[in-house]
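Peer 1: Structure incoming, see below.
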Amino acid sequence: MLDFFTIFSKGGLVLWCFQGVRGPAAAATAPVNALIRSVLLQERGGNNSFTHEALTLKYKLDNQFELVFVVGFQKILTLTYVDKLIDDVHKEFRDKYRNEFQQKGTLGILNGTFDFKDDFMRLLRDAEESSKVRAPTVMKTFEQSLKSQKTVKCMIETRGEKPKEKVKNKKNKGSKKEGTESAAAPGKASAGDKQPSTAGEKEELTKDEILQKNREEFFRRHMRAGEKSSKSPKPEAQKEKGKKPRVWDLGNSNAKVLDYSNSATNGSTEAGPVEDFDPDIALGDRNREPGRLYDLEYESDEEVEEEKVIQNPSKPSKKKSGLGGMFGMLKGLVGSKSLTREDMDPVLEKMKDHLIAKNVAAEIAVQLCESVAKKLEGKVMGTFTTVTSTVKQALQEALVQILQPQRRVDVLRDVMDAQRHRRPYVVTFCGVNGVGKSTNLAKISFWLIENGFSVLIAACDTFRAGAVEQLRTHTRRLNALHPPESHGGRTMVQLYEKGYGKDAAGIAMEAISYARNQGFDVVLVDTAGRMQDNAPLMTALAKLIAVNAPDLVLFVGEALVGNEAVDQLVKFNKALADHSMAQTPRLIDGIVLTKFDTIDDKVGAAISMTYITSKPIVFVGTGQTYCDLRSLNAKAVVAALMKA
Amino acid sequence: MVGSLEPHLEALRRELRAPDPAVLSVLLALLAVAITLLIWRFVQGRRSSRKAVLLLGLCDAGKTLLFARLLTGKYRDTQTSITDSSAVYRASSDKSANVTLIDLPGHESLRLQFLERFKAAARAIVFVVDSVAFQREVKDVAEFLYQVLVDSTVLKNAPALLIACNKQDVTMAKSAKLIQQQLERELNTLRVTRSAAPTSLDGSATGGPAQLGKKGKDFDFSQLPMKVEFVECSARGSKGEEGDADFKDLEKWLAKIA
């Protein structure tokens, strides 16, 4: 049933391979390579299954000996024994070839022959059989289930009484657990425990009383040992003899009795009882200047107290963990210890909170920490390294890995290529409202002009008031900075616009053909900002990109954005993919991160954006003048991110 | 000053002459430990100075297979490497000198990280190029090579560089001469574009302050401070999996630098 099962080292050598039902020998390499590239190298190792064309791949990492176990089977099959099979194979393979790995290292892997076929077939057979054979499960009787032991009352939540009830619930369940062996005990114990709870509670609803009584009857009928419990509800039940009519305090009385207004004070010239009026008390501060409005006085003491209160409950736990942690640290310092999930969990929690505090989107922080945990599980730490330092190191490497571009980021080189083919290089800017598309477009055109390329700006923002004028102002300024005389008589920047209200895709197409005729090197297309949820506008953008096939589609995002970044990018990509007719749709090719000067070191937006799209950050905008254009430095960003 | 030292020296001499051997033995032990530490550090420093040969290249260039063939001579199936592998390689049976072969992953996300880690220990670099896909990938190859060449540590140590044009068993493979010409042309263009790229966030220029080759002239591999050679090889070998790999030139070069 399996297509293949491979075991290979992280260094790339295949140790053992099993070809299953079908497929030529090389069919295992392509899907596994895809698995490695998209999952392991992009830090999406949170869940351990991956789909590639018609196959589902499940994998397991052995971090101690640096091995990877991958199994592949058809997507349509749902094989339940695969997880267990991988674990068993992992254990057995590791135990069998422990010597080769530990003593001989890489040469052992290279020279060793790993004859694992018989063991594997045996394990496979066992796994398949275990999945087929399963005894029919006997249904639980009502008494055995948990439902019979809960009362309606303890499922009702009341404010202020909640902790009490929860404690009682636990007592209920605790006593229940002791008494589950005998069938009679559960009913008796729960009924018995109900008494203190009902006696202690002040409010009693009539319905619950009746329900309780019915339950007593029911249990008594089935079990003769319930006499004792039935006596106590009787005194409570006797309180309610019959239904009494409800009497309102003020009902049936005259309106006169209800009129509390003193006829003397309202609208009469007679003065009411005069209280002693002390102007000092009324006005308060004697020293205030008449007529001046003071600023709000900001009391920081209350906040400090709040923090103290919050910290106090956490302190005792810290102290406890401090002592335990000290011994744990000593234990960890000496000798080689392999990392377990429990060791890593507190550190990973802290790191996740740290990342979220640095403006990384929440779900991405979670996925990242999961992936790092998977990579470190079972790894043997060296001496004198703590868990914290290992986890921090691994997280830092993962972050640098994410920020490294997966493809070449060299716009000038591509422009030169297009120049050689005598066609313009088209760049499209898209993004939500107000992120800085037009500003950064001007900055990029300045940079291109400095490098000697002529630019045509296509004003495809036909919606926003003043968009065309803004670009016209930029064009004028850029031409003033780089007049045609200093560039051999040709205008370096020109604006192509057709006013407002027209179709953006049409304007873009005309602009590109105009650029081709006039010999411009680069065309920068400015689009209108749009929210990612706005379906008709997203369709319009997708149409513009699909029809004009630009060389570079840049998504402009601001560095201030937090969790929204994930939503924006996902929806933009989805819209571009859905509305494109081509086999391989044009998606976002790169990201421009703007307003980077407004965040000090909360640089998490960079991580969120590159993680979601796995596309590089091409430019970083750090201000509003033409020179504020930078390229991303992965190490600096990660250093700022990991800084405490 | 000397007067204050005198009583101390006197006290020391008295202590040394005293029949109590405790202090003396402690002093001797400390001295021995200090000397051992110094010698050890000296030896360590000399021993670990650059005995590594790095195998670099793009993804699917054939580095891991080359690594396996050099060490064992046998053909192994390979997958994309996620981490480095290193082993000691004996150049030829009679020479005692040996080098550590280190195979680094070629994937874009990892290559620079691993290069950072191992560049200081590199005595030589073997840059493996896929001759069949070269035409398509020439820009990526050139960019990686450029990044390796402008690295400050590499420029300082100037390890010998060998560009191995792999996969010569396939008929469509380009020759080493053609690859050399194309790389020179591409690196010439890259010099201009990389130095014109926007400066990095923390101020350091992306292309590095180093200028590759001579300014006025077209780029040539002979302008580099290190020795560069081009060889053709085939890790898979003409007979495929059963036969030997075809890399006599590569082995000769390795023997020369070992």
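Ordering of the structure tokens sets the chain letters (A, B, ...), residue numbers begin anew at 1 in every chain, and ligands are numbered from 1 in the order given.
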With a cut-off of 9 Å and counting only C-alpha atoms, select all residues of chain A in contact with chain B and give the selection as a PyMOL selection string.
Peer 2: chain A and resi 8-15+29-30+32-33+36-37+40-42+66+105-107+110-111+397+400-408+410-413+447+451+619-620+622+629-633+636-637
Peer 1: So that I can check the secondary structure, give me every residue of region 5-167 of chain B assigned helix (DSSP H, G or I) by backbone DSSP, as a ChimeraX atom specification.
Peer 2: /B:5-17,21-47,63-72,108-121,134-150,152-157
Peer 1: Could you write out that same residue set with C-alpha atoms as a PDB file, in the first residue's frame?
Peer 2:
```
ATOM      1  CA  LEU B   5      59.339  43.907  47.140  1.00  0.00           C
ATOM      2  CA  GLU B   6      62.286  42.810  49.298  1.00  0.00           C
ATOM      3  CA  PRO B   7      60.334  41.629  52.289  1.00  0.00           C
ATOM      4  CA  HIS B   8      58.009  39.751  49.923  1.00  0.00           C
ATOM      5  CA  LEU B   9      60.930  38.081  48.215  1.00  0.00           C
ATOM      6  CA  GLU B  10      62.379  37.225  51.574  1.00  0.00           C
ATOM      7  CA  ALA B  11      59.116  35.692  52.628  1.00  0.00           C
ATOM      8  CA  LEU B  12      58.959  33.713  49.400  1.00  0.00           C
ATOM      9  CA  ARG B  13      62.480  32.459  49.797  1.00  0.00           C
ATOM     10  CA  ARG B  14      61.759  31.454  53.348  1.00  0.00           C
ATOM     11  CA  GLU B  15      58.697  29.607  52.237  1.00  0.00           C
ATOM     12  CA  LEU B  16      60.573  27.813  49.517  1.00  0.00           C
ATOM     13  CA  ARG B  17      63.316  26.803  51.887  1.00  0.00           C
ATOM     14  CA  PRO B  21      56.335  20.919  50.638  1.00  0.00           C
ATOM     15  CA  ALA B  22      52.666  21.871  50.305  1.00  0.00           C
ATOM     16  CA  VAL B  23      53.114  25.376  48.935  1.00  0.00           C
ATOM     17  CA  LEU B  24      55.941  24.334  46.661  1.00  0.00           C
ATOM     18  CA  SER B  25      54.005  21.470  45.178  1.00  0.00           C
ATOM     19  CA  VAL B  26      50.995  23.688  44.589  1.00  0.00           C
ATOM     20  CA  LEU B  27      53.145  26.237  42.793  1.00  0.00           C
ATOM     21  CA  LEU B  28      54.755  23.582  40.643  1.00  0.00           C
ATOM     22  CA  ALA B  29      51.400  22.077  39.754  1.00  0.00           C
ATOM     23  CA  LEU B  30      50.044  25.465  38.694  1.00  0.00           C
ATOM     24  CA  LEU B  31      53.107  26.091  36.583  1.00  0.00           C
ATOM     25  CA  ALA B  32      52.776  22.728  34.877  1.00  0.00           C
ATOM     26  CA  VAL B  33      49.129  23.341  34.121  1.00  0.00           C
ATOM     27  CA  ALA B  34      49.880  26.757  32.684  1.00  0.00           C
ATOM     28  CA  ILE B  35      52.612  25.422  30.433  1.00  0.00           C
ATOM     29  CA  THR B  36      50.396  22.587  29.261  1.00  0.00           C
ATOM     30  CA  LEU B  37      47.610  25.000  28.426  1.00  0.00           C
ATOM     31  CA  LEU B  38      49.952  27.198  26.442  1.00  0.00           C
ATOM     32  CA  ILE B  39      51.377  24.293  24.496  1.00  0.00           C
ATOM     33  CA  TRP B  40      47.937  22.874  23.872  1.00  0.00           C
ATOM     34  CA  ARG B  41      46.587  26.139  22.588  1.00  0.00           C
ATOM     35  CA  PHE B  42      49.571  26.588  20.357  1.00  0.00           C
ATOM     36  CA  VAL B  43      49.245  23.118  18.902  1.00  0.00           C
ATOM     37  CA  GLN B  44      45.499  23.469  18.550  1.00  0.00           C
ATOM     38  CA  GLY B  45      45.923  26.726  16.743  1.00  0.00           C
ATOM     39  CA  ARG B  46      48.400  25.314  14.328  1.00  0.00           C
ATOM     40  CA  ARG B  47      46.514  22.125  13.751  1.00  0.00           C
ATOM     41  CA  LYS B  63      28.160  18.047  -4.489  1.00  0.00           C
ATOM     42  CA  THR B  64      26.969  15.245  -2.220  1.00  0.00           C
ATOM     43  CA  LEU B  65      27.516  12.584  -4.862  1.00  0.00           C
ATOM     44  CA  LEU B  66      30.992  13.966  -5.541  1.00  0.00           C
ATOM     45  CA  PHE B  67      31.670  13.858  -1.828  1.00  0.00           C
ATOM     46  CA  ALA B  68      30.583  10.221  -1.615  1.00  0.00           C
ATOM     47  CA  ARG B  69      32.586   9.224  -4.681  1.00  0.00           C
ATOM     48  CA  LEU B  70      35.741  10.895  -3.483  1.00  0.00           C
ATOM     49  CA  LEU B  71      35.607   9.193  -0.146  1.00  0.00           C
ATOM     50  CA  THR B  72      34.383   5.738  -1.027  1.00  0.00           C
ATOM     51  CA  GLU B 108      19.479  29.299  -1.099  1.00  0.00           C
ATOM     52  CA  SER B 109      18.292  29.621   2.472  1.00  0.00           C
ATOM     53  CA  LEU B 110      21.206  27.703   3.911  1.00  0.00           C
ATOM     54  CA  ARG B 111      24.205  28.335   1.742  1.00  0.00           C
ATOM     55  CA  LEU B 112      25.317  31.638   3.210  1.00  0.00           C
ATOM     56  CA  GLN B 113      24.866  30.496   6.788  1.00  0.00           C
ATOM     57  CA  PHE B 114      27.052  27.447   6.273  1.00  0.00           C
ATOM     58  CA  LEU B 115      29.604  29.413   4.319  1.00  0.00           C
ATOM     59  CA  GLU B 116      29.899  31.779   7.281  1.00  0.00           C
ATOM     60  CA  ARG B 117      30.539  28.894   9.569  1.00  0.00           C
ATOM     61  CA  PHE B 118      33.249  27.182   7.539  1.00  0.00           C
ATOM     62  CA  LYS B 119      34.943  29.865   5.512  1.00  0.00           C
ATOM     63  CA  ALA B 120      37.608  30.574   8.106  1.00  0.00           C
ATOM     64  CA  ALA B 121      38.833  26.987   8.016  1.00  0.00           C
ATOM     65  CA  PHE B 134      24.390  26.100 -16.755  1.00  0.00           C
ATOM     66  CA  GLN B 135      22.793  28.052 -19.557  1.00  0.00           C
ATOM     67  CA  ARG B 136      19.622  28.444 -17.568  1.00  0.00           C
ATOM     68  CA  GLU B 137      21.229  29.083 -14.232  1.00  0.00           C
ATOM     69  CA  VAL B 138      24.165  31.216 -15.230  1.00  0.00           C
ATOM     70  CA  LYS B 139      22.919  34.249 -13.287  1.00  0.00           C
ATOM     71  CA  ASP B 140      22.380  32.286 -10.090  1.00  0.00           C
ATOM     72  CA  VAL B 141      25.763  30.584 -10.385  1.00  0.00           C
ATOM     73  CA  ALA B 142      27.443  33.911 -10.942  1.00  0.00           C
ATOM     74  CA  GLU B 143      25.683  35.497  -7.999  1.00  0.00           C
ATOM     75  CA  PHE B 144      26.729  32.771  -5.591  1.00  0.00           C
ATOM     76  CA  LEU B 145      30.257  32.826  -6.910  1.00  0.00           C
ATOM     77  CA  TYR B 146      30.308  36.581  -6.537  1.00  0.00           C
ATOM     78  CA  GLN B 147      29.130  36.320  -2.938  1.00  0.00           C
ATOM     79  CA  VAL B 148      31.861  33.815  -2.199  1.00  0.00           C
ATOM     80  CA  LEU B 149      34.552  35.916  -3.882  1.00  0.00           C
ATOM     81  CA  VAL B 150      33.778  39.245  -2.209  1.00  0.00           C
ATOM     82  CA  SER B 152      36.242  39.454   3.365  1.00  0.00           C
ATOM     83  CA  THR B 153      37.539  36.259   4.970  1.00  0.00           C
ATOM     84  CA  VAL B 154      37.911  34.578   1.612  1.00  0.00           C
ATOM     85  CA  LEU B 155      39.773  37.552   0.206  1.00  0.00           C
ATOM     86  CA  LYS B 156      42.091  37.607   3.180  1.00  0.00           C
ATOM     87  CA  ASN B 157      42.963  33.916   3.194  1.00  0.00           C
TER      88      ASN B 157
END
```
Peer 1: Can you list, as a PDB file with C-alpha atoms, in the first residue's frame, every protein, DNA or RNA residue that comes within 8 Å of Phe127 (chain B) when you count only C-alpha atoms, leaving out same-chain residues fewer than 4 positions away?
Peer 2:
```pdb
ATOM      1  CA  LEU B  55      32.350  21.780  -1.647  1.00  0.00           C
ATOM      2  CA  LEU B  56      30.084  24.643  -2.687  1.00  0.00           C
ATOM      3  CA  GLY B  57      27.578  25.057  -5.461  1.00  0.00           C
ATOM      4  CA  LEU B 161      39.613  27.896  -6.014  1.00  0.00           C
ATOM      5  CA  LEU B 162      38.642  25.103  -8.346  1.00  0.00           C
ATOM      6  CA  ILE B 163      35.557  25.339 -10.488  1.00  0.00           C
ATOM      7  CA  ALA B 164      34.448  21.809 -11.235  1.00  0.00           C
TER       8      ALA B 164
END
```
Peer 1: Do you know which residues are at most 12 Å from Gln470 (chain A) counting only C-alpha atoms, after dropping those on the same chain fewer than 6 positions away, and could you put them as a PyMOL selection string?
Peer 2: chain A and resi 437-439+441-442+457+459+461+464+476-477+495+497+526
Peer 1: With N, CA, C and O atoms retained, write the just-selected residues as a PDB file, in the first residue's frame.
Peer 2:
```pdb
ATOM      1  N   LYS A 437       2.653  53.224  -1.554  1.00  0.00           N
ATOM      2  CA  LYS A 437       2.984  52.749  -2.889  1.00  0.00           C
ATOM      3  C   LYS A 437       3.558  53.876  -3.739  1.00  0.00           C
ATOM      4  O   LYS A 437       4.626  53.729  -4.335  1.00  0.00           O
ATOM      5  N   SER A 438       2.866  55.009  -3.783  1.00  0.00           N
ATOM      6  CA  SER A 438       3.312  56.082  -4.667  1.00  0.00           C
ATOM      7  C   SER A 438       4.640  56.639  -4.195  1.00  0.00           C
ATOM      8  O   SER A 438       5.526  56.945  -4.998  1.00  0.00           O
ATOM      9  N   THR A 439       4.802  56.774  -2.883  1.00  0.00           N
ATOM     10  CA  THR A 439       6.062  57.323  -2.356  1.00  0.00           C
ATOM     11  C   THR A 439       7.230  56.429  -2.717  1.00  0.00           C
ATOM     12  O   THR A 439       8.272  56.878  -3.186  1.00  0.00           O
ATOM     13  N   LEU A 441       7.328  54.196  -5.034  1.00  0.00           N
ATOM     14  CA  LEU A 441       7.520  54.166  -6.480  1.00  0.00           C
ATOM     15  C   LEU A 441       8.444  55.296  -6.899  1.00  0.00           C
ATOM     16  O   LEU A 441       9.348  55.112  -7.724  1.00  0.00           O
ATOM     17  N   ALA A 442       8.229  56.482  -6.307  1.00  0.00           N
ATOM     18  CA  ALA A 442       9.098  57.616  -6.631  1.00  0.00           C
ATOM     19  C   ALA A 442      10.533  57.329  -6.196  1.00  0.00           C
ATOM     20  O   ALA A 442      11.500  57.644  -6.903  1.00  0.00           O
ATOM     21  N   ILE A 457       6.400  56.236 -15.716  1.00  0.00           N
ATOM     22  CA  ILE A 457       5.488  55.946 -14.613  1.00  0.00           C
ATOM     23  C   ILE A 457       4.078  55.892 -15.180  1.00  0.00           C
ATOM     24  O   ILE A 457       3.608  56.860 -15.784  1.00  0.00           O
ATOM     25  N   ALA A 459       0.250  55.899 -14.429  1.00  0.00           N
ATOM     26  CA  ALA A 459      -0.648  56.245 -13.320  1.00  0.00           C
ATOM     27  C   ALA A 459      -1.925  55.435 -13.462  1.00  0.00           C
ATOM     28  O   ALA A 459      -2.915  55.885 -14.025  1.00  0.00           O
ATOM     29  N   ASP A 461      -3.635  54.434 -10.914  1.00  0.00           N
ATOM     30  CA  ASP A 461      -4.528  54.707  -9.791  1.00  0.00           C
ATOM     31  C   ASP A 461      -5.518  55.746 -10.273  1.00  0.00           C
ATOM     32  O   ASP A 461      -5.273  56.951 -10.201  1.00  0.00           O
ATOM     33  N   ARG A 464      -8.156  57.328  -6.566  1.00  0.00           N
ATOM     34  CA  ARG A 464      -7.916  58.221  -5.441  1.00  0.00           C
ATOM     35  C   ARG A 464      -7.752  59.655  -5.920  1.00  0.00           C
ATOM     36  O   ARG A 464      -7.058  59.908  -6.913  1.00  0.00           O
ATOM     37  N   ARG A 476       8.044  65.813 -11.954  1.00  0.00           N
ATOM     38  CA  ARG A 476       8.676  67.124 -12.151  1.00  0.00           C
ATOM     39  C   ARG A 476       9.924  67.245 -11.300  1.00  0.00           C
ATOM     40  O   ARG A 476      10.975  67.714 -11.747  1.00  0.00           O
ATOM     41  N   ARG A 477       9.806  66.805 -10.053  1.00  0.00           N
ATOM     42  CA  ARG A 477      10.959  66.914  -9.153  1.00  0.00           C
ATOM     43  C   ARG A 477      12.131  66.074  -9.635  1.00  0.00           C
ATOM     44  O   ARG A 477      13.276  66.502  -9.612  1.00  0.00           O
ATOM     45  N   LEU A 495       5.572  60.733 -17.198  1.00  0.00           N
ATOM     46  CA  LEU A 495       4.350  60.205 -16.606  1.00  0.00           C
ATOM     47  C   LEU A 495       3.375  59.867 -17.723  1.00  0.00           C
ATOM     48  O   LEU A 495       3.148  60.658 -18.625  1.00  0.00           O
ATOM     49  N   GLU A 497      -0.474  59.148 -18.108  1.00  0.00           N
ATOM     50  CA  GLU A 497      -1.727  59.142 -17.366  1.00  0.00           C
ATOM     51  C   GLU A 497      -2.886  59.429 -18.295  1.00  0.00           C
ATOM     52  O   GLU A 497      -2.724  60.077 -19.325  1.00  0.00           O
ATOM     53  N   ASP A 526       1.630  52.158 -11.034  1.00  0.00           N
ATOM     54  CA  ASP A 526       1.094  52.439  -9.707  1.00  0.00           C
ATOM     55  C   ASP A 526      -0.387  52.104  -9.696  1.00  0.00           C
ATOM     56  O   ASP A 526      -1.146  52.641 -10.500  1.00  0.00           O
TER      57      ASP A 526
END
```
Peer 1: Name the residues in contact with Ala173 (chain B) at a cut-off of 6 Å, using only C-alpha atoms, excluding same-chain residues fewer than 3 positions from it; report them as a ChimeraX atom specification.
Peer 2: /B:131-132,168,170
